[in-house]
Amino acid sequence: MSPSPSDAPTPALLVGVDFGLPHFDLALAELAELARTAGLHPVARLTCKRQAPDAALFVGSGKAEEIKALAEQHGAREVLFDQALSPAQQRNLERALGLPVYDRTLVILEIFAQRARSHEGKLQVELARLQYLSTRLVRRWSHLERQRGGIGARGGPGETQIELDRRMIGEAMRRTKDRLEQVKRQRHTQRRRRDSGSHFGISLVGYTNAGKSTLFNALVKARAYAADQLFATLDTTTRQLYLGDAQGRGRSVSLSDTVGFIRDLPHGLIDAFQATLQEAAQADLLLHVVDAANADFPEQIEQVMRVLKEIGADQVPQLMVFNKLDAIPPERRPIQAHDHTLVAGRTIERVFVSAQSGEGLPLLRQALARRALPASFENWAQSEH
Ligand SMILES: Nc1nc2c(ncn2[C@@H]2O[C@H](COP(=O)(O)OP(=O)(O)OP(=O)(O)O)[C@@H](O)[C@H]2O)c(=O)[nH]1
Ligand SMILES: [Mg+2]
């Protein structure tokens, strides 16, 4: 995957294999969105059903033929799978199809690599890429392996090269981890300094493209990058947000916008982005932003809850923001703009807003103020209703 923004997007064929797992995306809509974000142009889609992945090819050999023919027919230059492929499957598929083959993990990694801006973000992506690469090394040296004269032969240039490469990657990973550790320590010191007051931190979390940055901008009148693409934001931005009443009572809290979550977020990325993601675990309140106009929002909520658990942020109090109210069809619009909803056995306060039009934002500010201001301000917040 190598298109630069000036290149025409590379035509790609999308493939999804249904193993009967819940949430199989028959339309491959999210994969298409990921592909477009990474600079590919989806020209055709193919889905099929299987009981279990084929160890060698992931799909059956007949299906592989079909994929090859379809790719030729549509002029696809890359094939993109919605599921994670093992290094061997990827290699075998590339041989069988005569085209580069990528999986979901690699597309997400690619997008993260294109987006990383800060020093820390770049280090994190680099670490995730090295981790991914370290499992796929063999493939780059397969021509040397072949020279060596068949399976079972020991030694030879191939093996030496692989070992050398492994060691280099191992060293690069250690160096990157050390540098990240350093950045993390600095950040920790900064946070401690911030924390010395009676600081209240709010973190925006949510599925990618839910509208977190748009809401962030609307609340703090900042200009964080918001765009109709996945993972528009990778770096954490923090601004002060004043929550107060007309009499001048109130307080400043900090609001952080950060990376969005997605189904099957590659594990290497979760590891590498621990520091960024853990910002959420340190918050006093999570603003969980949901794209209420997206029909898949229940699954997206579930995925966000899962990642929050994984990073140890599942016990942090949440306020749910059902965003894109303006885009919800009239028959599905909520009766109440402020209520409570049951998610994973927890009752969570919920506010409906449109970060774009501003509808519902005063209500959200009140709800935030109630959470952030000392109890003595409760009466004020309620009387505003
Ligand atoms: N109709 C409508 N669109 C919105 C609203 N809020 C955000 N959007 C659009 O949704 C898209 C994604 O918005 P972002 O704010 O970038 O979303 P994000 O959650 O920060 O996304 P990532 O940073 O990629 O995780 C953009 O095209 C926004 O214009 C809204 O209230 N209504
Ligand atoms: Mg964003």
# chains A, B, ... in the order shown; residues from 1 in each chain; ligands from 1
>>> residues_near_ligand(ligand="ligand 2", cutoff="8 Å", atoms="only C-alpha atoms and all ligand atoms", output="list in words")
Thr208, Asn209, Gly211, Lys212, Ser213, Thr214, Ala224, Tyr225, Ala226, Ala227, Phe231, Ala232, Thr233, Leu234, Asp257, Thr258, Val259 and Gly260 of chain A
>>> write_last_selection(atoms="N, CA, C and O atoms", output="CSV table (one decimal), in the first residue's frame")
chain,number,residue,atom,x,y,z
A,208,THR,N,-14.4,5.5,15.9
A,208,THR,CA,-13.9,6.5,15.0
A,208,THR,C,-15.0,7.1,14.1
A,208,THR,O,-15.9,6.4,13.8
A,209,ASN,N,-14.9,8.4,13.8
A,209,ASN,CA,-15.9,9.1,13.0
A,209,ASN,C,-17.2,9.4,13.7
A,209,ASN,O,-18.2,9.8,13.1
A,211,GLY,N,-17.7,11.8,15.8
A,211,GLY,CA,-17.8,13.2,15.9
A,211,GLY,C,-17.2,13.8,17.1
A,211,GLY,O,-17.5,14.9,17.6
A,212,LYS,N,-16.2,13.1,17.7
A,212,LYS,CA,-15.5,13.6,18.9
A,212,LYS,C,-14.8,14.9,18.7
A,212,LYS,O,-15.0,15.8,19.5
A,213,SER,N,-14.1,15.0,17.6
A,213,SER,CA,-13.3,16.3,17.3
A,213,SER,C,-14.3,17.4,17.1
A,213,SER,O,-14.1,18.6,17.5
A,214,THR,N,-15.4,17.1,16.3
A,214,THR,CA,-16.4,18.2,16.0
A,214,THR,C,-17.0,18.7,17.4
A,214,THR,O,-17.1,19.9,17.6
A,224,ALA,N,-9.6,21.5,16.3
A,224,ALA,CA,-9.0,20.2,16.1
A,224,ALA,C,-9.5,19.7,14.8
A,224,ALA,O,-10.5,20.0,14.3
A,225,TYR,N,-8.6,18.9,14.1
A,225,TYR,CA,-8.9,18.4,12.8
A,225,TYR,C,-10.1,17.4,12.8
A,225,TYR,O,-10.0,16.4,13.5
A,226,ALA,N,-11.2,17.8,12.2
A,226,ALA,CA,-12.3,16.9,12.1
A,226,ALA,C,-12.6,16.6,10.6
A,226,ALA,O,-12.5,17.5,9.8
A,227,ALA,N,-12.8,15.4,10.3
A,227,ALA,CA,-13.0,15.0,8.9
A,227,ALA,C,-13.8,13.7,8.7
A,227,ALA,O,-13.8,12.9,9.6
A,231,PHE,N,-10.1,7.6,11.8
A,231,PHE,CA,-8.8,8.0,12.5
A,231,PHE,C,-8.3,9.3,12.1
A,231,PHE,O,-7.1,9.5,11.8
A,232,ALA,N,-9.2,10.3,12.0
A,232,ALA,CA,-8.7,11.7,11.6
A,232,ALA,C,-7.8,12.2,12.8
A,232,ALA,O,-6.8,12.9,12.5
A,233,THR,N,-8.1,11.8,14.0
A,233,THR,CA,-7.3,12.2,15.1
A,233,THR,C,-6.5,11.1,15.7
A,233,THR,O,-7.0,10.0,15.9
A,234,LEU,N,-5.2,11.3,15.8
A,234,LEU,CA,-4.4,10.3,16.5
A,234,LEU,C,-3.7,10.9,17.8
A,234,LEU,O,-3.6,10.2,18.7
A,257,ASP,N,-9.4,15.4,23.5
A,257,ASP,CA,-9.8,14.7,22.3
A,257,ASP,C,-8.7,13.8,21.9
A,257,ASP,O,-7.6,14.1,21.9
A,258,THR,N,-9.1,12.6,21.6
A,258,THR,CA,-8.0,11.6,21.2
A,258,THR,C,-8.5,10.6,20.2
A,258,THR,O,-9.5,10.8,19.5
A,259,VAL,N,-7.6,9.6,20.0
A,259,VAL,CA,-7.8,8.6,18.9
A,259,VAL,C,-9.2,7.8,19.1
A,259,VAL,O,-9.6,7.6,20.2
A,260,GLY,N,-9.8,7.5,18.0
A,260,GLY,CA,-11.1,6.8,18.0
A,260,GLY,C,-10.8,5.3,18.1
A,260,GLY,O,-9.7,4.8,17.8
>>> select_by_dssp(residues="region 28-245 of chain A", states="strand (DSSP E or B)", output="number ranges by chain")
A: 40-49, 54, 58, 78-81, 101-103, 201-207, 237-244
>>> closest_residue(among="A:Ser61, A:Thr237, A:Gln186, A:Gln318", to="ligand 1", atoms="only C-alpha atoms and all ligand atoms")
A:Thr237
>>> closest_residue(among="A:Asn217, A:Thr238, A:Thr105, A:Ser354", to="Ser256 (chain A)", atoms="only C-alpha atoms")
A:Thr238
>>> select_by_dssp(residues="region 236-362 of chain A", states="alpha helix (DSSP H)", output="mmCIF file with all heavy atoms, in the first residue's frame")
data_model
loop_
_atom_site.group_PDB
_atom_site.id
_atom_site.type_symbol
_atom_site.label_atom_id
_atom_site.label_comp_id
_atom_site.auth_asym_id
_atom_site.auth_seq_id
_atom_site.Cartn_x
_atom_site.Cartn_y
_atom_site.Cartn_z
ATOM 1 N N HIS A 267 -3.919 -5.578 17.929
ATOM 2 C CA HIS A 267 -3.348 -5.634 19.265
ATOM 3 C C HIS A 267 -2.058 -4.873 19.401
ATOM 4 O O HIS A 267 -1.815 -4.223 20.416
ATOM 5 C CB HIS A 267 -3.204 -7.075 19.736
ATOM 6 C CG HIS A 267 -4.290 -7.393 20.688
ATOM 7 N ND1 HIS A 267 -4.176 -7.132 22.027
ATOM 8 C CD2 HIS A 267 -5.543 -7.830 20.481
ATOM 9 C CE1 HIS A 267 -5.311 -7.429 22.611
ATOM 10 N NE2 HIS A 267 -6.162 -7.865 21.697
ATOM 11 N N GLY A 268 -1.250 -4.930 18.337
ATOM 12 C CA GLY A 268 0.000 -4.168 18.351
ATOM 13 C C GLY A 268 -0.276 -2.691 18.583
ATOM 14 O O GLY A 268 0.458 -2.008 19.291
ATOM 15 N N LEU A 269 -1.379 -2.208 18.001
ATOM 16 C CA LEU A 269 -1.712 -0.794 18.153
ATOM 17 C C LEU A 269 -2.162 -0.491 19.569
ATOM 18 O O LEU A 269 -1.824 0.547 20.128
ATOM 19 C CB LEU A 269 -2.799 -0.395 17.161
ATOM 20 C CG LEU A 269 -2.306 0.025 15.787
ATOM 21 C CD1 LEU A 269 -3.469 0.350 14.883
ATOM 22 C CD2 LEU A 269 -1.390 1.239 15.883
ATOM 23 N N ILE A 270 -2.965 -1.384 20.140
ATOM 24 C CA ILE A 270 -3.416 -1.150 21.516
ATOM 25 C C ILE A 270 -2.197 -1.106 22.437
ATOM 26 O O ILE A 270 -2.078 -0.220 23.276
ATOM 27 C CB ILE A 270 -4.409 -2.235 21.984
ATOM 28 C CG1 ILE A 270 -5.685 -2.149 21.118
ATOM 29 C CG2 ILE A 270 -4.760 -2.055 23.459
ATOM 30 C CD1 ILE A 270 -6.827 -2.989 21.597
ATOM 31 N N ASP A 271 -1.261 -2.033 22.231
ATOM 32 C CA ASP A 271 -0.042 -2.026 23.044
ATOM 33 C C ASP A 271 0.731 -0.735 22.847
ATOM 34 O O ASP A 271 1.108 -0.068 23.793
ATOM 35 C CB ASP A 271 0.883 -3.190 22.633
ATOM 36 C CG ASP A 271 0.339 -4.515 23.139
ATOM 37 O OD1 ASP A 271 -0.606 -4.478 23.946
ATOM 38 O OD2 ASP A 271 0.847 -5.560 22.712
ATOM 39 N N ALA A 272 0.950 -0.411 21.566
ATOM 40 C CA ALA A 272 1.778 0.752 21.265
ATOM 41 C C ALA A 272 1.117 2.042 21.743
ATOM 42 O O ALA A 272 1.785 2.963 22.193
ATOM 43 C CB ALA A 272 2.064 0.829 19.771
ATOM 44 N N GLN A 274 -0.857 2.409 24.261
ATOM 45 C CA GLN A 274 -1.223 2.357 25.678
ATOM 46 C C GLN A 274 -1.217 3.744 26.318
ATOM 47 O O GLN A 274 -2.178 4.122 26.984
ATOM 48 C CB GLN A 274 -0.241 1.467 26.454
ATOM 49 C CG GLN A 274 -0.601 -0.004 26.467
ATOM 50 C CD GLN A 274 -1.900 -0.287 27.199
ATOM 51 O OE1 GLN A 274 -2.351 0.508 28.009
ATOM 52 N NE2 GLN A 274 -2.499 -1.421 26.889
ATOM 53 N N ALA A 275 -0.110 4.471 26.094
ATOM 54 C CA ALA A 275 0.035 5.763 26.771
ATOM 55 C C ALA A 275 -1.091 6.702 26.382
ATOM 56 O O ALA A 275 -1.716 7.345 27.228
ATOM 57 C CB ALA A 275 1.379 6.379 26.429
ATOM 58 N N THR A 276 -1.379 6.776 25.063
ATOM 59 C CA THR A 276 -2.440 7.661 24.583
ATOM 60 C C THR A 276 -3.797 7.198 25.096
ATOM 61 O O THR A 276 -4.602 7.990 25.580
ATOM 62 C CB THR A 276 -2.445 7.661 23.047
ATOM 63 O OG1 THR A 276 -1.156 8.030 22.590
ATOM 64 C CG2 THR A 276 -3.465 8.635 22.511
ATOM 65 N N LEU A 277 -4.029 5.889 24.970
ATOM 66 C CA LEU A 277 -5.336 5.367 25.351
ATOM 67 C C LEU A 277 -5.556 5.492 26.857
ATOM 68 O O LEU A 277 -6.674 5.702 27.314
ATOM 69 C CB LEU A 277 -5.461 3.898 24.922
ATOM 70 C CG LEU A 277 -5.510 3.655 23.414
ATOM 71 C CD1 LEU A 277 -5.401 2.182 23.088
ATOM 72 C CD2 LEU A 277 -6.796 4.225 22.813
ATOM 73 N N GLN A 278 -4.451 5.377 27.609
ATOM 74 C CA GLN A 278 -4.619 5.396 29.049
ATOM 75 C C GLN A 278 -5.006 6.756 29.598
ATOM 76 O O GLN A 278 -5.476 6.857 30.723
ATOM 77 C CB GLN A 278 -3.377 4.877 29.743
ATOM 78 C CG GLN A 278 -3.708 3.542 30.386
ATOM 79 C CD GLN A 278 -2.494 2.699 30.544
ATOM 80 O OE1 GLN A 278 -1.391 3.228 30.567
ATOM 81 N NE2 GLN A 278 -2.690 1.407 30.674
ATOM 82 N N GLU A 279 -4.831 7.762 28.774
ATOM 83 C CA GLU A 279 -5.325 9.085 29.136
ATOM 84 C C GLU A 279 -6.779 8.959 29.611
ATOM 85 O O GLU A 279 -7.196 9.587 30.575
ATOM 86 C CB GLU A 279 -5.255 9.979 27.897
ATOM 87 C CG GLU A 279 -5.514 11.409 28.174
ATOM 88 C CD GLU A 279 -4.215 12.218 28.290
ATOM 89 O OE1 GLU A 279 -3.123 11.641 28.343
ATOM 90 O OE2 GLU A 279 -4.328 13.423 28.329
ATOM 91 N N ALA A 280 -7.527 8.094 28.915
ATOM 92 C CA ALA A 280 -8.938 7.892 29.250
ATOM 93 C C ALA A 280 -9.093 7.282 30.642
ATOM 94 O O ALA A 280 -9.997 7.652 31.391
ATOM 95 C CB ALA A 280 -9.610 7.009 28.209
ATOM 96 N N ALA A 281 -8.191 6.375 30.971
ATOM 97 C CA ALA A 281 -8.299 5.700 32.263
ATOM 98 C C ALA A 281 -8.024 6.662 33.418
ATOM 99 O O ALA A 281 -8.460 6.442 34.540
ATOM 100 C CB ALA A 281 -7.340 4.518 32.312
ATOM 101 N N GLN A 282 -7.282 7.745 33.132
ATOM 102 C CA GLN A 282 -6.941 8.718 34.182
ATOM 103 C C GLN A 282 -8.004 9.793 34.340
ATOM 104 O O GLN A 282 -7.927 10.607 35.250
ATOM 105 C CB GLN A 282 -5.634 9.447 33.821
ATOM 106 C CG GLN A 282 -4.535 8.584 33.272
ATOM 107 C CD GLN A 282 -3.731 7.930 34.370
ATOM 108 O OE1 GLN A 282 -3.806 8.351 35.510
ATOM 109 N NE2 GLN A 282 -2.990 6.894 34.028
ATOM 110 N N PHE A 297 -24.711 1.691 15.447
ATOM 111 C CA PHE A 297 -24.223 2.284 16.698
ATOM 112 C C PHE A 297 -24.219 1.324 17.893
ATOM 113 O O PHE A 297 -23.296 1.375 18.696
ATOM 114 C CB PHE A 297 -24.916 3.627 16.998
ATOM 115 C CG PHE A 297 -26.280 3.521 17.599
ATOM 116 C CD1 PHE A 297 -26.442 3.260 18.955
ATOM 117 C CD2 PHE A 297 -27.406 3.720 16.817
ATOM 118 C CE1 PHE A 297 -27.709 3.167 19.514
ATOM 119 C CE2 PHE A 297 -28.665 3.625 17.370
ATOM 120 C CZ PHE A 297 -28.808 3.343 18.724
ATOM 121 N N PRO A 298 -25.178 0.379 18.013
ATOM 122 C CA PRO A 298 -25.093 -0.507 19.182
ATOM 123 C C PRO A 298 -23.807 -1.335 19.182
ATOM 124 O O PRO A 298 -23.161 -1.499 20.222
ATOM 125 C CB PRO A 298 -26.323 -1.411 19.044
ATOM 126 C CG PRO A 298 -27.269 -0.657 18.159
ATOM 127 C CD PRO A 298 -26.391 0.086 17.206
ATOM 128 N N GLU A 299 -23.407 -1.817 18.015
ATOM 129 C CA GLU A 299 -22.176 -2.605 17.949
ATOM 130 C C GLU A 299 -20.968 -1.708 18.251
ATOM 131 O O GLU A 299 -20.022 -2.116 18.919
ATOM 132 C CB GLU A 299 -22.004 -3.228 16.563
ATOM 133 C CG GLU A 299 -20.924 -4.305 16.575
ATOM 134 C CD GLU A 299 -20.115 -4.374 15.306
ATOM 135 O OE1 GLU A 299 -20.672 -4.092 14.228
ATOM 136 O OE2 GLU A 299 -18.923 -4.697 15.392
ATOM 137 N N GLN A 300 -21.028 -0.473 17.771
ATOM 138 C CA GLN A 300 -19.914 0.436 18.009
ATOM 139 C C GLN A 300 -19.757 0.740 19.499
ATOM 140 O O GLN A 300 -18.642 0.804 20.010
ATOM 141 C CB GLN A 300 -20.101 1.710 17.179
ATOM 142 C CG GLN A 300 -20.116 1.381 15.682
ATOM 143 C CD GLN A 300 -20.122 2.611 14.789
ATOM 144 O OE1 GLN A 300 -20.450 3.700 15.226
ATOM 145 N NE2 GLN A 300 -19.778 2.419 13.525
ATOM 146 N N ILE A 301 -20.907 0.886 20.183
ATOM 147 C CA ILE A 301 -20.858 1.113 21.636
ATOM 148 C C ILE A 301 -20.190 -0.084 22.310
ATOM 149 O O ILE A 301 -19.310 0.060 23.161
ATOM 150 C CB ILE A 301 -22.280 1.312 22.211
ATOM 151 C CG1 ILE A 301 -22.871 2.635 21.722
ATOM 152 C CG2 ILE A 301 -22.274 1.254 23.742
ATOM 153 C CD1 ILE A 301 -24.308 2.882 22.158
ATOM 154 N N GLU A 302 -20.606 -1.271 21.883
ATOM 155 C CA GLU A 302 -20.054 -2.505 22.454
ATOM 156 C C GLU A 302 -18.531 -2.558 22.275
ATOM 157 O O GLU A 302 -17.798 -2.919 23.189
ATOM 158 C CB GLU A 302 -20.685 -3.674 21.697
ATOM 159 C CG GLU A 302 -20.971 -4.897 22.509
ATOM 160 C CD GLU A 302 -21.724 -5.888 21.621
ATOM 161 O OE1 GLU A 302 -22.948 -5.712 21.411
ATOM 162 O OE2 GLU A 302 -21.067 -6.800 21.111
ATOM 163 N N GLN A 303 -18.084 -2.197 21.079
ATOM 164 C CA GLN A 303 -16.642 -2.231 20.792
ATOM 165 C C GLN A 303 -15.885 -1.229 21.654
ATOM 166 O O GLN A 303 -14.807 -1.514 22.148
ATOM 167 C CB GLN A 303 -16.375 -1.933 19.311
ATOM 168 C CG GLN A 303 -16.927 -2.977 18.369
ATOM 169 C CD GLN A 303 -16.253 -4.328 18.528
ATOM 170 O OE1 GLN A 303 -15.111 -4.410 18.959
ATOM 171 N NE2 GLN A 303 -16.964 -5.384 18.198
ATOM 172 N N VAL A 304 -16.471 -0.051 21.814
ATOM 173 C CA VAL A 304 -15.814 0.976 22.632
ATOM 174 C C VAL A 304 -15.726 0.484 24.077
ATOM 175 O O VAL A 304 -14.674 0.601 24.722
ATOM 176 C CB VAL A 304 -16.580 2.320 22.543
ATOM 177 C CG1 VAL A 304 -16.044 3.319 23.560
ATOM 178 C CG2 VAL A 304 -16.469 2.893 21.131
ATOM 179 N N MET A 305 -16.818 -0.117 24.563
ATOM 180 C CA MET A 305 -16.817 -0.645 25.934
ATOM 181 C C MET A 305 -15.720 -1.700 26.092
ATOM 182 O O MET A 305 -15.065 -1.780 27.124
ATOM 183 C CB MET A 305 -18.178 -1.267 26.271
ATOM 184 C CG MET A 305 -19.290 -0.241 26.369
ATOM 185 S SD MET A 305 -18.927 1.001 27.629
ATOM 186 C CE MET A 305 -20.533 1.471 28.182
ATOM 187 N N ARG A 306 -15.554 -2.507 25.058
ATOM 188 C CA ARG A 306 -14.545 -3.566 25.105
ATOM 189 C C ARG A 306 -13.135 -2.983 25.207
ATOM 190 O O ARG A 306 -12.326 -3.414 26.019
ATOM 191 C CB ARG A 306 -14.662 -4.433 23.840
ATOM 192 C CG ARG A 306 -13.809 -5.667 23.895
ATOM 193 C CD ARG A 306 -14.179 -6.619 22.788
ATOM 194 N NE ARG A 306 -15.581 -6.979 22.837
ATOM 195 C CZ ARG A 306 -16.231 -7.594 21.855
ATOM 196 N NH1 ARG A 306 -15.615 -7.868 20.731
ATOM 197 N NH2 ARG A 306 -17.504 -7.911 21.979
ATOM 198 N N VAL A 307 -12.847 -1.976 24.354
ATOM 199 C CA VAL A 307 -11.507 -1.367 24.407
ATOM 200 C C VAL A 307 -11.304 -0.669 25.759
ATOM 201 O O VAL A 307 -10.229 -0.763 26.357
ATOM 202 C CB VAL A 307 -11.276 -0.372 23.245
ATOM 203 C CG1 VAL A 307 -9.877 0.226 23.322
ATOM 204 C CG2 VAL A 307 -11.465 -1.054 21.901
ATOM 205 N N LEU A 308 -12.354 -0.007 26.249
ATOM 206 C CA LEU A 308 -12.223 0.686 27.540
ATOM 207 C C LEU A 308 -11.841 -0.307 28.630
ATOM 208 O O LEU A 308 -11.010 -0.019 29.493
ATOM 209 C CB LEU A 308 -13.538 1.393 27.908
ATOM 210 C CG LEU A 308 -13.848 2.657 27.111
ATOM 211 C CD1 LEU A 308 -15.217 3.212 27.499
ATOM 212 C CD2 LEU A 308 -12.771 3.728 27.322
ATOM 213 N N LYS A 309 -12.446 -1.477 28.565
ATOM 214 C CA LYS A 309 -12.129 -2.510 29.553
ATOM 215 C C LYS A 309 -10.664 -2.934 29.414
ATOM 216 O O LYS A 309 -9.941 -3.064 30.399
ATOM 217 C CB LYS A 309 -13.058 -3.707 29.332
ATOM 218 C CG LYS A 309 -12.962 -4.696 30.424
ATOM 219 C CD LYS A 309 -14.145 -5.630 30.432
ATOM 220 C CE LYS A 309 -14.008 -6.459 31.705
ATOM 221 N NZ LYS A 309 -15.082 -7.206 32.087
ATOM 222 N N GLU A 310 -10.262 -3.107 28.169
ATOM 223 C CA GLU A 310 -8.903 -3.567 27.905
ATOM 224 C C GLU A 310 -7.840 -2.583 28.421
ATOM 225 O O GLU A 310 -6.760 -2.981 28.810
ATOM 226 C CB GLU A 310 -8.737 -3.745 26.396
ATOM 227 C CG GLU A 310 -7.690 -4.740 26.022
ATOM 228 C CD GLU A 310 -7.950 -5.302 24.629
ATOM 229 O OE1 GLU A 310 -9.122 -5.393 24.203
ATOM 230 O OE2 GLU A 310 -6.981 -5.625 23.968
ATOM 231 N N LEU A 361 -26.359 21.306 22.809
ATOM 232 C CA LEU A 361 -25.096 21.578 23.500
ATOM 233 C C LEU A 361 -25.286 22.264 24.861
ATOM 234 O O LEU A 361 -24.580 21.936 25.816
ATOM 235 C CB LEU A 361 -24.137 22.382 22.614
ATOM 236 C CG LEU A 361 -23.562 21.616 21.417
ATOM 237 C CD1 LEU A 361 -22.520 22.456 20.685
ATOM 238 C CD2 LEU A 361 -22.937 20.290 21.850
ATOM 239 N N PRO A 362 -26.260 23.203 24.978
ATOM 240 C CA PRO A 362 -26.477 23.790 26.305
ATOM 241 C C PRO A 362 -26.845 22.725 27.345
ATOM 242 O O PRO A 362 -26.358 22.749 28.475
ATOM 243 C CB PRO A 362 -27.653 24.762 26.075
ATOM 244 C CG PRO A 362 -27.580 25.097 24.612
ATOM 245 C CD PRO A 362 -27.087 23.850 23.939
#
>>> atom_distance(atom1="CA of Pro87 (chain A)", atom2="CA of Leu99 (chain A)")
15.2 Å
>>> residues_around(residues="region 114-120 of chain A", least_positions_apart="3", cutoff="10 Å", atoms="only C-alpha atoms", output="short mmCIF file (atom, residue, chain, number, x, y, z; two decimals) with N, CA, C and O atoms, in the first residue's frame")
data_model
loop_
_atom_site.label_atom_id
_atom_site.label_comp_id
_atom_site.auth_asym_id
_atom_site.auth_seq_id
_atom_site.Cartn_x
_atom_site.Cartn_y
_atom_site.Cartn_z
N SER A 4 0.69 7.97 -2.43
CA SER A 4 0.82 9.24 -1.73
C SER A 4 -0.42 10.04 -2.10
O SER A 4 -1.10 9.72 -3.06
N PRO A 5 -0.72 11.11 -1.34
CA PRO A 5 -1.97 11.81 -1.58
C PRO A 5 -2.14 12.30 -3.02
O PRO A 5 -3.25 12.44 -3.51
N THR A 37 -9.76 5.67 3.26
CA THR A 37 -8.94 6.49 4.14
C THR A 37 -7.45 6.22 3.90
O THR A 37 -6.62 7.11 3.98
N ALA A 38 -7.13 4.95 3.59
CA ALA A 38 -5.72 4.59 3.37
C ALA A 38 -5.25 4.95 1.97
O ALA A 38 -4.09 4.74 1.63
N GLY A 39 -6.15 5.48 1.12
CA GLY A 39 -5.76 5.90 -0.21
C GLY A 39 -5.99 4.84 -1.28
O GLY A 39 -5.37 4.85 -2.33
N ILE A 108 -5.25 -0.63 8.91
CA ILE A 108 -5.35 0.26 10.07
C ILE A 108 -3.96 0.79 10.43
O ILE A 108 -3.78 1.99 10.69
N LEU A 109 -2.97 -0.09 10.39
CA LEU A 109 -1.59 0.35 10.67
C LEU A 109 -1.15 1.42 9.68
O LEU A 109 -0.52 2.41 10.04
N GLU A 110 -1.49 1.21 8.42
CA GLU A 110 -1.12 2.14 7.36
C GLU A 110 -1.75 3.52 7.62
O GLU A 110 -1.10 4.55 7.50
N ILE A 111 -3.02 3.51 7.98
CA ILE A 111 -3.71 4.78 8.25
C ILE A 111 -3.06 5.50 9.44
O ILE A 111 -2.80 6.69 9.39
N LEU A 123 6.26 7.50 17.25
CA LEU A 123 6.94 6.40 17.94
C LEU A 123 5.99 5.24 18.15
O LEU A 123 6.34 4.07 17.98
N GLN A 124 4.76 5.55 18.53
CA GLN A 124 3.79 4.50 18.80
C GLN A 124 3.47 3.71 17.55
O GLN A 124 3.41 2.49 17.56
N VAL A 125 3.29 4.41 16.43
CA VAL A 125 3.00 3.73 15.17
C VAL A 125 4.19 2.89 14.75
O VAL A 125 4.05 1.76 14.30
N GLU A 126 5.37 3.46 14.93
CA GLU A 126 6.57 2.72 14.56
C GLU A 126 6.67 1.41 15.32
O GLU A 126 6.99 0.36 14.76
N ARG A 179 12.37 5.04 24.04
CA ARG A 179 12.05 6.45 23.74
C ARG A 179 10.63 6.78 24.16
O ARG A 179 10.34 7.84 24.69
N LEU A 180 9.72 5.83 23.93
CA LEU A 180 8.33 6.03 24.33
C LEU A 180 8.22 6.15 25.84
O LEU A 180 7.47 6.98 26.36
N GLU A 181 8.97 5.30 26.52
CA GLU A 181 8.98 5.31 27.98
C GLU A 181 9.38 6.69 28.48
O GLU A 181 8.77 7.23 29.41
N GLN A 182 10.37 7.28 27.81
CA GLN A 182 10.86 8.60 28.18
C GLN A 182 9.75 9.65 28.01
O GLN A 182 9.51 10.46 28.89
N VAL A 183 9.09 9.61 26.83
CA VAL A 183 8.02 10.56 26.56
C VAL A 183 6.92 10.39 27.60
O VAL A 183 6.35 11.36 28.11
N LYS A 184 6.63 9.14 27.94
CA LYS A 184 5.58 8.84 28.90
C LYS A 184 5.93 9.44 30.26
O LYS A 184 5.08 10.00 30.94
N PHE A 231 -10.07 7.62 11.83
CA PHE A 231 -8.84 7.99 12.53
C PHE A 231 -8.29 9.34 12.09
O PHE A 231 -7.11 9.49 11.83
N ALA A 232 -9.19 10.32 11.96
CA ALA A 232 -8.74 11.67 11.64
C ALA A 232 -7.81 12.16 12.76
O ALA A 232 -6.85 12.87 12.51
N THR A 233 -8.12 11.78 13.98
CA THR A 233 -7.33 12.22 15.12
C THR A 233 -6.47 11.09 15.65
O THR A 233 -6.97 10.01 15.88
N LEU A 234 -5.20 11.33 15.84
CA LEU A 234 -4.36 10.32 16.50
C LEU A 234 -3.75 10.86 17.78
O LEU A 234 -3.56 10.16 18.74
N ASP A 235 -3.43 12.15 17.75
CA ASP A 235 -2.77 12.73 18.91
C ASP A 235 -3.80 13.30 19.87
O ASP A 235 -4.87 13.72 19.46
N THR A 236 -3.43 13.32 21.11
CA THR A 236 -4.33 13.87 22.11
C THR A 236 -4.20 15.39 22.16
O THR A 236 -3.09 15.90 22.21
N PHE A 273 -0.22 2.11 21.63
CA PHE A 273 -0.94 3.33 21.99
C PHE A 273 -1.39 3.34 23.46
O PHE A 273 -2.20 4.17 23.84
N ALA A 275 -0.11 4.47 26.09
CA ALA A 275 0.04 5.76 26.77
C ALA A 275 -1.09 6.70 26.38
O ALA A 275 -1.72 7.35 27.23
N THR A 276 -1.38 6.78 25.06
CA THR A 276 -2.44 7.66 24.58
C THR A 276 -3.80 7.20 25.10
O THR A 276 -4.60 7.99 25.58
#
>>> residues_around(residues="Phe200 (chain A)", least_positions_apart="3", cutoff="7 Å", atoms="only C-alpha atoms", output="list in words")
Val253, Ser254, Asp284 and Ala372 of chain A
>>> write_last_selection(atoms="N, CA, C and O atoms", output="tab-separated table (two decimals), in the first residue's frame")
chain	number	residue	atom	x	y	z
A	253	VAL	N	-12.38	23.03	33.60
A	253	VAL	CA	-12.00	21.62	33.57
A	253	VAL	C	-11.16	21.42	32.31
A	253	VAL	O	-11.12	22.28	31.45
A	254	SER	N	-10.48	20.28	32.22
A	254	SER	CA	-9.75	20.05	30.97
A	254	SER	C	-10.48	19.00	30.15
A	254	SER	O	-11.04	18.04	30.68
A	284	ASP	N	-11.50	11.91	34.98
A	284	ASP	CA	-12.53	11.87	36.02
A	284	ASP	C	-13.88	11.52	35.40
A	284	ASP	O	-14.78	11.05	36.07
A	372	ALA	N	-19.11	18.06	37.18
A	372	ALA	CA	-17.80	18.62	37.51
A	372	ALA	C	-17.82	19.62	38.66
A	372	ALA	O	-16.82	19.77	39.36
